Each structure stands twice: as C-alpha cells, then as structure tokens.
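Below: model.csv (CSV, N, CA and C atoms)
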```
chain,number,residue,atom,x,y,z
A,1,MET,N,125.8,171.0,116.6
A,1,MET,CA,124.5,171.2,116.2
A,1,MET,C,123.5,170.6,117.2
A,2,SER,N,122.4,171.2,117.4
A,2,SER,CA,121.5,170.7,118.4
A,2,SER,C,120.6,169.6,117.9
A,3,THR,N,120.0,168.8,118.8
A,3,THR,CA,119.1,167.7,118.5
A,3,THR,C,117.9,168.2,117.8
A,4,ARG,N,117.4,169.4,118.2
A,4,ARG,CA,116.3,170.0,117.5
A,4,ARG,C,116.6,170.3,116.0
A,5,PHE,N,117.8,170.8,115.8
A,5,PHE,CA,118.2,171.1,114.4
A,5,PHE,C,118.2,169.8,113.6
A,6,HIS,N,118.8,168.7,114.1
A,6,HIS,CA,118.8,167.4,113.4
A,6,HIS,C,117.4,166.9,113.2
A,7,PHE,N,116.6,167.1,114.2
A,7,PHE,CA,115.2,166.6,114.0
A,7,PHE,C,114.5,167.4,112.9
A,8,ALA,N,114.6,168.7,112.9
A,8,ALA,CA,114.0,169.6,111.9
A,8,ALA,C,114.6,169.2,110.5
A,9,LEU,N,115.8,169.0,110.4
A,9,LEU,CA,116.5,168.6,109.1
A,9,LEU,C,115.9,167.3,108.7
A,10,LEU,N,115.8,166.3,109.6
A,10,LEU,CA,115.2,165.0,109.2
A,10,LEU,C,113.8,165.1,108.7
A,11,LEU,N,113.0,165.9,109.4
A,11,LEU,CA,111.6,166.1,109.0
A,11,LEU,C,111.5,166.8,107.6
A,12,SER,N,112.4,167.8,107.4
A,12,SER,CA,112.4,168.4,106.1
A,12,SER,C,112.8,167.5,105.0
A,13,PHE,N,113.7,166.6,105.2
A,13,PHE,CA,114.2,165.6,104.3
A,13,PHE,C,113.0,164.6,104.0
A,14,ALA,N,112.4,164.2,105.0
A,14,ALA,CA,111.3,163.2,104.9
A,14,ALA,C,110.1,163.8,104.1
A,15,GLY,N,109.8,165.1,104.4
A,15,GLY,CA,108.8,165.8,103.6
A,15,GLY,C,109.1,165.9,102.1
A,16,ALA,N,110.4,166.2,101.8
A,16,ALA,CA,110.8,166.3,100.4
A,16,ALA,C,110.7,165.0,99.7
A,17,LEU,N,111.0,163.9,100.4
A,17,LEU,CA,110.9,162.6,99.8
A,17,LEU,C,109.4,162.3,99.5
A,18,LEU,N,108.5,162.6,100.4
A,18,LEU,CA,107.1,162.4,100.2
A,18,LEU,C,106.6,163.2,99.0
A,19,LEU,N,107.0,164.4,98.9
A,19,LEU,CA,106.6,165.2,97.7
A,19,LEU,C,107.1,164.6,96.4
A,20,MET,N,108.4,164.2,96.4
A,20,MET,CA,109.0,163.6,95.2
A,20,MET,C,108.3,162.3,94.9
A,21,ALA,N,107.9,161.5,95.8
A,21,ALA,CA,107.2,160.2,95.6
A,21,ALA,C,105.9,160.4,94.9
A,22,GLY,N,105.3,161.6,95.1
A,22,GLY,CA,104.0,161.9,94.5
A,22,GLY,C,104.1,162.5,93.1
A,23,CYS,N,105.3,162.9,92.7
A,23,CYS,CA,105.5,163.6,91.5
A,23,CYS,C,105.5,162.6,90.3
A,24,THR,N,104.6,162.9,89.3
A,24,THR,CA,104.5,162.1,88.2
A,24,THR,C,104.7,162.9,86.9
A,25,GLY,N,105.3,164.1,87.0
A,25,GLY,CA,105.6,164.8,85.8
A,25,GLY,C,104.3,165.3,85.1
A,26,GLY,N,103.2,165.4,85.9
A,26,GLY,CA,102.0,165.9,85.3
A,26,GLY,C,101.2,164.8,84.6
A,27,LYS,N,101.7,163.6,84.6
A,27,LYS,CA,101.0,162.5,84.0
A,27,LYS,C,100.3,161.6,85.1
A,28,GLU,N,99.2,161.0,84.7
A,28,GLU,CA,98.6,160.1,85.6
A,28,GLU,C,99.4,158.8,85.7
A,29,LEU,N,99.6,158.3,86.9
A,29,LEU,CA,100.3,157.0,87.1
A,29,LEU,C,99.5,155.9,86.4
A,30,GLN,N,100.2,155.0,85.7
A,30,GLN,CA,99.6,153.8,85.2
A,30,GLN,C,100.0,152.6,86.1
A,31,HIS,N,99.0,152.0,86.7
A,31,HIS,CA,99.3,150.9,87.5
A,31,HIS,C,99.4,149.6,86.7
A,32,TYR,N,100.4,148.8,87.0
A,32,TYR,CA,100.6,147.5,86.3
A,32,TYR,C,99.5,146.6,86.6
A,33,SER,N,98.9,146.1,85.6
A,33,SER,CA,97.9,145.0,85.8
A,33,SER,C,98.0,144.0,84.7
A,34,VAL,N,97.8,142.8,85.0
A,34,VAL,CA,97.9,141.8,84.0
A,34,VAL,C,96.5,141.5,83.5
A,35,VAL,N,96.3,141.5,82.2
A,35,VAL,CA,95.0,141.2,81.6
A,35,VAL,C,94.9,139.8,81.2
A,36,THR,N,94.2,139.0,82.0
A,36,THR,CA,94.0,137.6,81.7
A,36,THR,C,92.6,137.3,81.2
A,37,GLY,N,91.7,138.2,81.4
A,37,GLY,CA,90.3,137.9,81.0
A,37,GLY,C,89.7,137.0,82.0
A,38,GLY,N,90.3,136.8,83.2
A,38,GLY,CA,89.8,135.9,84.2
A,38,GLY,C,89.3,136.6,85.4
A,39,ASP,N,88.7,135.8,86.3
A,39,ASP,CA,88.2,136.3,87.6
A,39,ASP,C,89.0,135.7,88.7
A,40,GLU,N,89.8,136.5,89.4
A,40,GLU,CA,90.7,136.0,90.4
A,40,GLU,C,89.9,135.3,91.6
A,41,VAL,N,88.7,135.8,91.9
A,41,VAL,CA,88.0,135.1,93.0
A,41,VAL,C,87.6,133.7,92.6
A,42,HIS,N,87.1,133.6,91.3
A,42,HIS,CA,86.7,132.2,90.8
A,42,HIS,C,88.0,131.4,90.7
A,43,GLY,N,89.1,132.0,90.3
A,43,GLY,CA,90.4,131.3,90.2
A,43,GLY,C,90.8,130.7,91.5
A,44,LYS,N,90.6,131.4,92.6
A,44,LYS,CA,91.0,130.9,93.9
A,44,LYS,C,90.1,129.7,94.3
A,45,GLU,N,88.8,129.8,93.9
A,45,GLU,CA,87.9,128.7,94.2
A,45,GLU,C,88.4,127.4,93.4
A,46,LEU,N,88.8,127.7,92.1
A,46,LEU,CA,89.2,126.6,91.3
A,46,LEU,C,90.5,125.9,91.9
A,47,ILE,N,91.4,126.8,92.3
A,47,ILE,CA,92.6,126.3,92.9
A,47,ILE,C,92.3,125.4,94.1
A,48,LEU,N,91.4,125.8,94.9
A,48,LEU,CA,90.9,125.0,96.1
A,48,LEU,C,90.3,123.7,95.6
A,49,ASN,N,89.3,123.8,94.7
A,49,ASN,CA,88.6,122.6,94.2
A,49,ASN,C,89.5,121.6,93.5
A,50,TYR,N,90.4,122.1,92.7
A,50,TYR,CA,91.3,121.1,92.0
A,50,TYR,C,92.5,120.7,92.8
A,51,ARG,N,92.5,121.2,94.1
A,51,ARG,CA,93.6,120.8,95.0
A,51,ARG,C,95.0,121.0,94.6
A,52,CYS,N,95.2,122.2,93.9
A,52,CYS,CA,96.5,122.6,93.5
A,52,CYS,C,97.5,122.6,94.6
A,53,GLY,N,97.0,122.9,95.8
A,53,GLY,CA,97.9,123.0,97.0
A,53,GLY,C,98.4,121.7,97.5
A,54,ALA,N,97.9,120.6,96.9
A,54,ALA,CA,98.5,119.3,97.2
A,54,ALA,C,100.0,119.2,96.7
A,55,CYS,N,100.2,120.0,95.6
A,55,CYS,CA,101.6,119.9,95.0
A,55,CYS,C,102.3,121.2,95.2
A,56,HIS,N,101.6,122.4,95.4
A,56,HIS,CA,102.3,123.7,95.4
A,56,HIS,C,102.0,124.4,96.7
A,57,ILE,N,102.9,125.2,97.2
A,57,ILE,CA,102.7,126.2,98.2
A,57,ILE,C,102.1,127.4,97.5
A,58,ILE,N,100.9,127.8,98.0
A,58,ILE,CA,100.2,128.9,97.3
A,58,ILE,C,99.6,129.8,98.4
A,59,PRO,N,100.2,131.1,98.4
A,59,PRO,CA,99.7,132.0,99.4
A,59,PRO,C,98.2,132.3,99.2
A,60,GLY,N,97.5,132.4,100.3
A,60,GLY,CA,96.1,132.7,100.3
A,60,GLY,C,95.2,131.5,100.2
A,61,ILE,N,95.8,130.3,100.0
A,61,ILE,CA,95.0,129.1,99.8
A,61,ILE,C,95.2,128.2,101.1
A,62,ASN,N,94.2,128.0,101.8
A,62,ASN,CA,94.3,127.1,103.0
A,62,ASN,C,94.8,125.7,102.6
A,63,GLY,N,95.8,125.2,103.4
A,63,GLY,CA,96.3,123.9,103.1
A,63,GLY,C,97.1,123.7,101.9
A,64,ALA,N,97.4,124.8,101.2
A,64,ALA,CA,98.3,124.7,100.0
A,64,ALA,C,99.7,124.7,100.5
A,65,ASP,N,100.2,123.5,100.8
A,65,ASP,CA,101.6,123.4,101.3
A,65,ASP,C,102.3,122.2,100.7
A,66,GLY,N,101.9,121.9,99.5
A,66,GLY,CA,102.6,120.8,98.8
A,66,GLY,C,104.0,121.1,98.4
A,67,MET,N,104.8,120.0,98.3
A,67,MET,CA,106.2,120.1,98.0
A,67,MET,C,106.6,119.4,96.7
A,68,VAL,N,105.6,119.0,95.9
A,68,VAL,CA,105.9,118.4,94.6
A,68,VAL,C,106.3,119.4,93.5
A,69,GLY,N,105.5,120.4,93.3
A,69,GLY,CA,105.8,121.4,92.4
A,69,GLY,C,106.4,122.6,93.1
A,70,PRO,N,106.8,123.6,92.3
A,70,PRO,CA,107.5,124.8,92.9
A,70,PRO,C,106.5,125.6,93.7
A,71,PRO,N,106.9,126.3,94.7
A,71,PRO,CA,106.1,127.2,95.4
A,71,PRO,C,105.7,128.3,94.5
A,72,LEU,N,104.4,128.8,94.6
A,72,LEU,CA,103.9,129.8,93.7
A,72,LEU,C,104.0,131.2,94.4
A,73,ILE,N,104.8,131.3,95.4
A,73,ILE,CA,105.0,132.6,96.1
A,73,ILE,C,105.5,133.6,95.1
A,74,LEU,N,105.0,134.8,95.1
A,74,LEU,CA,105.5,135.9,94.2
A,74,LEU,C,105.4,135.5,92.8
A,75,PHE,N,104.4,134.7,92.4
A,75,PHE,CA,104.3,134.2,91.1
A,75,PHE,C,104.3,135.3,90.0
A,76,ALA,N,103.6,136.4,90.3
A,76,ALA,CA,103.5,137.5,89.3
A,76,ALA,C,104.8,138.1,89.0
A,77,ASP,N,105.8,137.9,89.8
A,77,ASP,CA,107.1,138.5,89.6
A,77,ASP,C,108.1,137.6,88.9
A,78,ARG,N,107.6,136.4,88.6
A,78,ARG,CA,108.5,135.4,87.9
A,78,ARG,C,108.7,135.7,86.4
A,79,THR,N,109.8,135.3,85.9
A,79,THR,CA,110.0,135.5,84.5
A,79,THR,C,109.6,134.3,83.6
A,80,MET,N,109.5,133.2,84.2
A,80,MET,CA,109.2,132.0,83.4
A,80,MET,C,108.0,131.2,83.9
A,81,VAL,N,107.3,130.5,83.0
A,81,VAL,CA,106.2,129.6,83.4
A,81,VAL,C,106.7,128.2,83.1
A,82,GLY,N,106.6,127.3,84.1
A,82,GLY,CA,107.0,126.0,84.0
A,82,GLY,C,108.4,125.8,83.5
A,83,GLY,N,109.2,126.8,83.7
A,83,GLY,CA,110.6,126.7,83.3
A,83,GLY,C,110.8,126.7,81.8
A,84,GLU,N,109.7,126.9,81.0
A,84,GLU,CA,109.8,126.8,79.6
A,84,GLU,C,109.4,128.0,78.8
A,85,LEU,N,108.5,128.8,79.3
A,85,LEU,CA,107.9,129.9,78.6
A,85,LEU,C,108.0,131.2,79.3
A,86,PRO,N,108.1,132.3,78.6
A,86,PRO,CA,108.1,133.6,79.3
A,86,PRO,C,106.8,133.8,80.0
A,87,ASN,N,106.8,134.4,81.2
A,87,ASN,CA,105.6,134.6,82.0
A,87,ASN,C,104.7,135.7,81.4
A,88,THR,N,103.8,135.3,80.5
A,88,THR,CA,102.8,136.2,80.0
A,88,THR,C,101.5,135.5,80.3
A,89,PRO,N,100.4,136.3,80.3
A,89,PRO,CA,99.1,135.7,80.5
A,89,PRO,C,98.7,134.6,79.6
A,90,ASP,N,99.0,134.8,78.3
A,90,ASP,CA,98.6,133.7,77.3
A,90,ASP,C,99.5,132.5,77.6
A,91,ASN,N,100.7,132.6,77.8
A,91,ASN,CA,101.6,131.4,78.1
A,91,ASN,C,101.2,130.7,79.4
A,92,LEU,N,100.8,131.5,80.4
A,92,LEU,CA,100.4,130.9,81.6
A,92,LEU,C,99.1,130.1,81.4
A,93,VAL,N,98.2,130.6,80.7
A,93,VAL,CA,96.9,129.9,80.4
A,93,VAL,C,97.2,128.6,79.6
A,94,ARG,N,98.1,128.7,78.6
A,94,ARG,CA,98.5,127.5,77.9
A,94,ARG,C,99.0,126.4,78.8
A,95,TRP,N,99.9,126.9,79.7
A,95,TRP,CA,100.5,126.0,80.7
A,95,TRP,C,99.5,125.3,81.6
A,96,ILE,N,98.5,126.1,82.1
A,96,ILE,CA,97.5,125.6,83.0
A,96,ILE,C,96.6,124.6,82.3
A,97,VAL,N,96.3,124.9,81.0
A,97,VAL,CA,95.4,124.0,80.3
A,97,VAL,C,96.0,122.7,80.0
A,98,ASP,N,97.3,122.7,79.5
A,98,ASP,CA,97.9,121.4,79.1
A,98,ASP,C,99.4,121.4,79.3
A,99,PRO,N,99.9,121.3,80.6
A,99,PRO,CA,101.3,121.4,80.8
A,99,PRO,C,102.1,120.4,80.1
A,100,PRO,N,101.7,119.1,79.9
A,100,PRO,CA,102.5,118.1,79.2
A,100,PRO,C,102.7,118.5,77.7
A,101,SER,N,101.8,119.3,77.1
A,101,SER,CA,102.0,119.7,75.7
A,101,SER,C,103.2,120.6,75.6
A,102,ILE,N,103.5,121.3,76.7
A,102,ILE,CA,104.6,122.3,76.6
A,102,ILE,C,105.9,121.6,77.1
A,103,GLU,N,105.8,120.8,78.2
A,103,GLU,CA,107.0,120.1,78.7
A,103,GLU,C,106.6,118.6,78.9
A,104,PRO,N,106.9,117.8,77.9
A,104,PRO,CA,106.6,116.4,78.1
A,104,PRO,C,107.3,115.8,79.3
A,105,GLY,N,106.7,115.0,80.0
A,105,GLY,CA,107.3,114.4,81.2
A,105,GLY,C,107.1,115.2,82.4
A,106,THR,N,106.5,116.4,82.4
A,106,THR,CA,106.4,117.2,83.6
A,106,THR,C,105.5,116.5,84.6
A,107,ALA,N,105.7,116.8,85.8
A,107,ALA,CA,104.9,116.2,86.9
A,107,ALA,C,103.5,116.8,87.0
A,108,MET,N,103.4,118.0,86.4
A,108,MET,CA,102.1,118.7,86.4
A,108,MET,C,101.2,118.1,85.4
A,109,PRO,N,100.0,117.6,85.9
A,109,PRO,CA,99.1,116.9,85.0
A,109,PRO,C,98.2,117.9,84.3
A,110,ASN,N,97.6,117.4,83.2
A,110,ASN,CA,96.5,118.1,82.5
A,110,ASN,C,95.3,117.8,83.4
A,111,LEU,N,94.8,118.9,84.0
A,111,LEU,CA,93.6,118.7,84.9
A,111,LEU,C,92.3,118.9,84.2
A,112,GLY,N,92.3,119.1,82.9
A,112,GLY,CA,91.1,119.2,82.2
A,112,GLY,C,90.4,120.6,82.3
A,113,LEU,N,91.1,121.6,82.7
A,113,LEU,CA,90.5,122.9,82.8
A,113,LEU,C,90.2,123.5,81.5
A,114,THR,N,89.1,124.2,81.4
A,114,THR,CA,88.8,125.0,80.2
A,114,THR,C,89.7,126.2,80.1
A,115,ASP,N,89.6,126.8,78.9
A,115,ASP,CA,90.4,128.1,78.7
A,115,ASP,C,89.9,129.1,79.7
A,116,LYS,N,88.6,129.2,79.9
A,116,LYS,CA,88.0,130.2,80.9
A,116,LYS,C,88.5,129.9,82.3
A,117,GLN,N,88.5,128.7,82.7
A,117,GLN,CA,88.9,128.3,84.0
A,117,GLN,C,90.4,128.6,84.2
A,118,ALA,N,91.2,128.3,83.2
A,118,ALA,CA,92.6,128.6,83.2
A,118,ALA,C,92.9,130.1,83.3
A,119,ARG,N,92.1,130.9,82.7
A,119,ARG,CA,92.2,132.4,82.8
A,119,ARG,C,91.9,132.9,84.2
A,120,ASP,N,90.9,132.2,84.8
A,120,ASP,CA,90.5,132.6,86.2
A,120,ASP,C,91.7,132.2,87.1
A,121,VAL,N,92.2,131.0,87.0
A,121,VAL,CA,93.4,130.6,87.8
A,121,VAL,C,94.5,131.5,87.6
A,122,ALA,N,94.8,131.9,86.3
A,122,ALA,CA,95.9,132.8,86.0
A,122,ALA,C,95.7,134.2,86.7
A,123,ALA,N,94.4,134.6,86.7
A,123,ALA,CA,94.1,135.9,87.3
A,123,ALA,C,94.5,135.9,88.8
A,124,TYR,N,94.2,134.7,89.5
A,124,TYR,CA,94.6,134.6,90.9
A,124,TYR,C,96.1,134.6,91.0
A,125,LEU,N,96.8,133.8,90.2
A,125,LEU,CA,98.2,133.7,90.4
A,125,LEU,C,98.9,135.0,90.2
A,126,TYR,N,98.4,135.9,89.3
A,126,TYR,CA,99.0,137.2,89.1
A,126,TYR,C,98.7,138.2,90.2
A,127,THR,N,97.9,137.8,91.2
A,127,THR,CA,97.7,138.6,92.4
A,127,THR,C,98.9,138.3,93.4
A,128,LEU,N,99.6,137.3,93.2
A,128,LEU,CA,100.7,136.8,94.1
A,128,LEU,C,101.9,137.7,93.9
A,129,ARG,N,102.1,138.7,94.6
A,129,ARG,CA,103.2,139.7,94.5
A,129,ARG,C,103.9,139.8,95.8
```

Represent the structure of the file as structure tokens.
Amino acid sequence: MSTRFHFALLLSFAGALLLMAGCTGGKELQHYSVVTGGDEVHGKELILNYRCGACHIIPGINGADGMVGPPLILFADRTMVGGELPNTPDNLVRWIVDPPSIEPGTAMPNLGLTDKQARDVAAYLYTLR
C-alpha cells in the first residue's frame, strides 16, 4: 500500500474520532462544576493572605511551596478531605473552618475563617484539576 493511502486512511480515522467526540446523543453536555457558593478569585486572595502556602504546595499561588501539609495539586480530583471525610463541598468547608473538630491533633490549625471565606477558599481549591 502506498504512503498516500496510509495518510488518507489516517486522516479518515482522525476525522471519525473528532465526529464521535462531539456526539452527545442529541443531549446537551453537562459540565461538571462544584457548587460551593463561593468566589474562587476571593478564595485565591484568602489563600495568599492566610499564607496557606507556608504549609501546602498550591498551584497558582506564588510562594506556596510548603512541605508541612499535603500538596493540593489536583485537589478537585481527590476523594477525601483531610484523610477523614469524602471530598464534597460541604465537607471541605467544614474542614477549612475547623480542622481540629474533625481530626483532633491535626497539624492544620483553625484559622478563624468564616463560613463564607471557607466557601471562597473551597471554590478556588476545586479549580485545581
């Protein structure tokens, strides 16, 4: 078989894949989003102001290269929060507001964040994919 034939076959295959990728069975695609009730931009500011990066590696936060707590890379894809709770928005907010109430003896302190501030921080963390 000629090189042209192989190239044409490859292009046909690639085109078919592209068409299949766009197929939704007539339904509109639903994009995954986590509803925290928070503002991710303000959450990023809070993470900077509260110096969360002193203990955690946090993508998108300058100087966030701490090694005390776990790195928060790909946080949105994690299954657990603080090793104790399923990773849901409400559980994450609970953890951010008062970690020692969930895991006594944890190294993560209660920073005194309000529920709204915790929702903002959670909104930013769920952008980490």

(message) Which residues are close to Val97 of chain A, i.e. within 10 Å by only C-alpha atoms, leaving aside same-chain residues fewer than 2 positions away? Reply as a list in words.
(response)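 Listing them by chain and then by number gives Asn91, Leu92, Val93, Arg94, Trp95, Pro99, Pro100, Ser101, Pro109, Asn110, Leu111, Gly112, Leu113, Thr114, Asp115, Lys116, Gln117, Ala118 and Arg119 of chain A.
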
(message) Report as a PyMOL selection string all protein, DNA and RNA residues lying within 7 Å of Asp120 of chain A, evaluated on all atoms listed in the file, omitting residues in the same chain fewer than 5 positions from it.
(response) chain A and resi 36-44+115+125

(request) Can you work out which one of A:Ile61, A:Leu46, A:Ala54, A:Ala76 has the shortest atom-to-atom distance to Thr127 of chain A, counting only C-alpha atoms? (result)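 Of all the options, A:Ala76 lies closest to Thr127 of chain A.
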
(message) Just checking: using only C-alpha atoms, which residue out of A:Met108, A:Met67, A:Ile58, A:Leu128 ends up closest to Gly82 of chain A?
(response)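 Checking each candidate against Gly82 of chain A, we get A:Met108 as the closest.
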
(request) For Gly53 of chain A, please output as a list in words all residues within 7 Å (counting only C-alpha atoms; exclusion window: fewer than 2 positions along the same chain). (result)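 Near Gly53 of chain A, the qualifying residues are Arg51, Cys55, His56, Ile57, Ile58, Gly63, Ala64, Asp65 and Gly66 of chain A.
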
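Reported to one decimal place, the separation of atom CA of Ile47 of chain A from atom N of Leu85 of chain A is 21.1 Å.
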
(request) One decimal, Å: what's the distance from atom N of Asn62 of chain A over to atom N of Pro104 of chain A, could you say? (result) 28.9 Å

(message) Quick check, in Å to one decimal: how far apart do atom CA of Val68 of chain A and atom CA of Thr88 of chain A lie?
(response) 23.2 Å
